[in-house]
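Written below as structure tokens is the structure these notes are about.
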Amino acid sequence: MRGIYMRLPGGLIQALDEKAQELGISRSSLIRSILEQAVRMERVLCPKCDCVFWAEPGWERCPRCGLKYGEEKLDKFIVQ
């Protein structure tokens, strides 16, 4: 398996460590679960308030204005 390497600001590392400890898992496991969730999501543009956000398939409402809408998506699924 190939590794992904990145530099993270110290404050972010501390926040990840605190959350991982709260969940009882390692930092690398937390990052892996975040990335696994991210590849299931799609970038969405609300046609009413222009809010751009990430949502899982099947989303129905804008988190800012609550508009229920259909196919106003910016990007296709990352993983199909």
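Chain labels run A, B, ... following the order of the structure tokens; each chain numbers its residues from 1, and ligands are numbered from 1 in the order shown.
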Could you find all residues in stretch 19-52 of chain A that DSSP calls alpha helix (DSSP H) from the backbone, and write them as a list in words?
Lys19, Ala20, Gln21, Glu22, Leu23, Arg27, Ser28, Ser29, Leu30, Ile31, Arg32, Ser33, Ile34, Leu35, Glu36, Gln37 and Ala38 of chain A
Residue neighbourhood stretch 17-22 of chain A, 12 Å, only C-alpha atoms, exclusion window fewer than 6 positions, as a list in words
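The residues that qualify are Gly10, Gly11, Ser28, Ser29, Leu30, Ile31, Arg32, Ser33 and Ile34 of chain A.
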One decimal, Å: what's the distance from atom CA of A:Glu36 over to atom CA of A:Cys65, could you say?
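According to the coordinates, atom CA of A:Glu36 and atom CA of A:Cys65 are separated by 27.4 Å.
Comparing A:Ile4, A:Ala15, A:Pro47, A:Gly66 by their smallest distance to A:Leu35, the closest is A:Ile4 (using only C-alpha atoms).
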